[in-house]
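Shown next, in structure tokens, is the structure this report addresses.
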Amino acid sequence: MAEMTDFEMRLATLICEVLNLEDMAPADIDPEQPLFDGGLGLDSIDALEIAVAVAQDYDVHLKAEDEQTREIFATLRNLANHIRQETDAAPA
Amino acid sequence: MNDSLPLLTRHPDDILAIVGDRPITCRQFLAAATALAEALPDAPLAVNLCEDRYAFLVAFAAAVIRGQANVLLPSRQPAAIVEALARIDGHHVMHDGAMPELDADRIDVRPFTNPSAAVADVAVPSIPAGQLSAIVFTSGSTGESTQIRKFWRTLVQGTAINRRYTLQGIDGPAGIVATVPPWHMYGLEYTVLLPLFENVHTYTGNTLFPGDIRNALERTPGQRIFVTTPVHLRAVLRAGLAFPPVRRILCATAPLTRELATDAARTLGGDICELYGCTEAGCLAYRNPVTTNDWTFFAELRVNRAGRRVSIDAAHLPEPVMLTDDLVFTADGCFELRGRGADLVKIGGKRGSLAELTNRLLQIDGVEDAVVFSPNPDAAGDGNEARLSALVVCPGRDIDAVRDELAQVIDPVFMPRPLRRVDALPRNQTGKMRRLDLQQLGDDPTG
């Protein structure tokens, strides 16, 4: 399993909180494994919950119609990188 | 008695859909649907797997024109599609790109949905009123899904009834923005059928995230109608975005609380019409949750009460429909919704059966006993939809492997969390289990 950065760990904690992933610790999420389609088995409502939490905590607004959103949501690492690019401020 | 009913009743210049930021007229839509109808393979059933709402609309109409019934599968999981189609004889598949490997005739509808600028008028097709036009599925308590047959008469007349309650007071063109898919009954009624017969157009782009919903509302001219569910409504309100004003919110699939309804009306503007219905009969009743707890049945329905069992009959329905929910009637004939049948769960607008989900678990190699349950069924509503839990007895198997196999065959919204491995289920002498015992085992991380 790939190493997680501190920022990825914070994001993993947020995801476990908003999705009530009780049987999973943030550290159990592999940052390079798919979040959807297998992987954690998340669905479109989960994607919506994550998007709202990211909007609230980081003021980053995701849109499904953007070509790269599928890519951004593919893994925890991609999502973390996208948020950091958009905010420029979030420390690694 | 009418032997046939038209495919649509709108003017060729009327806008039927907004594709991206581009309006599509009924003339363009009809040209696309008739061309596709001619190109469809021969078969009595047309499995409509289109994901894009406009592609779905064109494919839906094309099949009806050709005299074929749209098969609308409840789950779009690849393994679930393959399994469902193995049980259906005489079908072809209409798709718009993504789909699993299937042993069936298939047709990509995308070459037909690209709107050409100038198209000639096409005569509006007449559809036999008794033509089987759609087959939808519902989960029953036995664990097997049931096919519900929709005849063209039922769909057309049901739409006329729906309009009386949901478009009341809205004059002139209105635009629908929906967060529900067109292949479930609620989405079919308000984003596919309503635009064929009423002065509304439907936005067909993505509406997954709040930012997409804002875009959709901005691109929707005229009065905006937001067709949604409590889950989506709650997310939209929390997103902290400014939305263009909405004329009306239609909400269904799970009860709205007064707080969420009031908040939604204040943030988005307009009024709220909450709808109650079922796959078998479509929408049946309405209320304004800001002002009342009581639901009112549509006046066109006959409501038959035998004790607590309620069935619905109407001129457009082929047969009476027994309701599985617990209704408590008030003196004036309205009712309160007290709960759902214990086996049925509804998450994100999708209906599942606990018995069916448990069967799915039991079919996995190495699973000796299992139960899927709703840990807190009363928490539903307000968008805090209760997710499912499961306990599994599988001595020789890793629980993650069981989870992976289960994910192949069920919709992700029904994936139990937690899915917990236990030594034995807390069955009593009759083999039954109490929810309390299940909850305790489910809550205990060492269990």
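Naming scheme: A, B, ... for chains in displayed order of the structure tokens; residues 1 onward per chain; ligands 1 onward as shown.
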Please report, as JSON lines, each residue of chain B lying at most 8 Å from chain A, together with the nearest pair of atoms and the separation in Å rounded to one decimal; use only C-alpha atoms, and order rows by chain and ascending residue number.
```
{"residue": "B:Gly205", "atom": "CA", "partner": "A:Glu65", "partner_atom": "CA", "distance": 7.7}
{"residue": "B:Asn206", "atom": "CA", "partner": "A:Glu65", "partner_atom": "CA", "distance": 5.8}
{"residue": "B:Thr207", "atom": "CA", "partner": "A:Ala64", "partner_atom": "CA", "distance": 7.3}
{"residue": "B:Leu208", "atom": "CA", "partner": "A:Ala64", "partner_atom": "CA", "distance": 6.0}
{"residue": "B:Phe209", "atom": "CA", "partner": "A:Leu48", "partner_atom": "CA", "distance": 5.6}
{"residue": "B:Pro210", "atom": "CA", "partner": "A:Lys63", "partner_atom": "CA", "distance": 7.6}
{"residue": "B:Gly211", "atom": "CA", "partner": "A:Lys63", "partner_atom": "CA", "distance": 5.4}
{"residue": "B:Asp212", "atom": "CA", "partner": "A:Lys63", "partner_atom": "CA", "distance": 5.3}
{"residue": "B:Val231", "atom": "CA", "partner": "A:Ile45", "partner_atom": "CA", "distance": 7.8}
{"residue": "B:His232", "atom": "CA", "partner": "A:Leu48", "partner_atom": "CA", "distance": 8.0}
{"residue": "B:Ala235", "atom": "CA", "partner": "A:Val52", "partner_atom": "CA", "distance": 6.3}
{"residue": "B:Val236", "atom": "CA", "partner": "A:Val52", "partner_atom": "CA", "distance": 8.0}
{"residue": "B:Arg238", "atom": "CA", "partner": "A:Val52", "partner_atom": "CA", "distance": 6.8}
{"residue": "B:Ala239", "atom": "CA", "partner": "A:Val52", "partner_atom": "CA", "distance": 5.3}
{"residue": "B:Gly240", "atom": "CA", "partner": "A:Gln56", "partner_atom": "CA", "distance": 7.3}
{"residue": "B:Gly348", "atom": "CA", "partner": "A:Ile45", "partner_atom": "CA", "distance": 7.0}
{"residue": "B:Asp404", "atom": "CA", "partner": "A:Gly38", "partner_atom": "CA", "distance": 7.1}
{"residue": "B:Ala407", "atom": "CA", "partner": "A:Gly41", "partner_atom": "CA", "distance": 6.8}
{"residue": "B:Pro412", "atom": "CA", "partner": "A:Asp43", "partner_atom": "CA", "distance": 5.4}
{"residue": "B:Val413", "atom": "CA", "partner": "A:Asp43", "partner_atom": "CA", "distance": 6.1}
{"residue": "B:Met415", "atom": "CA", "partner": "A:Gly41", "partner_atom": "CA", "distance": 7.7}
{"residue": "B:Arg417", "atom": "CA", "partner": "A:Leu21", "partner_atom": "CA", "distance": 6.7}
{"residue": "B:Pro418", "atom": "CA", "partner": "A:Asp23", "partner_atom": "CA", "distance": 5.4}
{"residue": "B:Leu419", "atom": "CA", "partner": "A:Asp23", "partner_atom": "CA", "distance": 7.7}
{"residue": "B:Pro445", "atom": "CA", "partner": "A:Asp23", "partner_atom": "CA", "distance": 7.9}
```
- request: Using only C-alpha atoms, determine which residues lie at most 10 Å from Ile148 of chain B, disregarding the query and same-chain residues fewer than 5 positions distant; provide the list as a count of residues only.
  value: 8
Residues near segment 47-49 of chain B, cut-off 8 Å, only C-alpha atoms, skip fewer than 3 positions along chain, as a PyMOL selection string: chain B and resi 56+59-60+70-73+76+91-96+99
- request: From segment 212-422 of chain B, collect each residue whose DSSP state is helix (DSSP H, G or I) and return the set as a count of residues only.
  value: 53
message: For a test of reading the model, state the distance in Å between atom CA of Ile15 of chain A and atom CA of Trp183 of chain B, rounded to one decimal.
response: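 Atom-to-atom, atom CA of Ile15 of chain A to atom CA of Trp183 of chain B, that is 29.1 Å.
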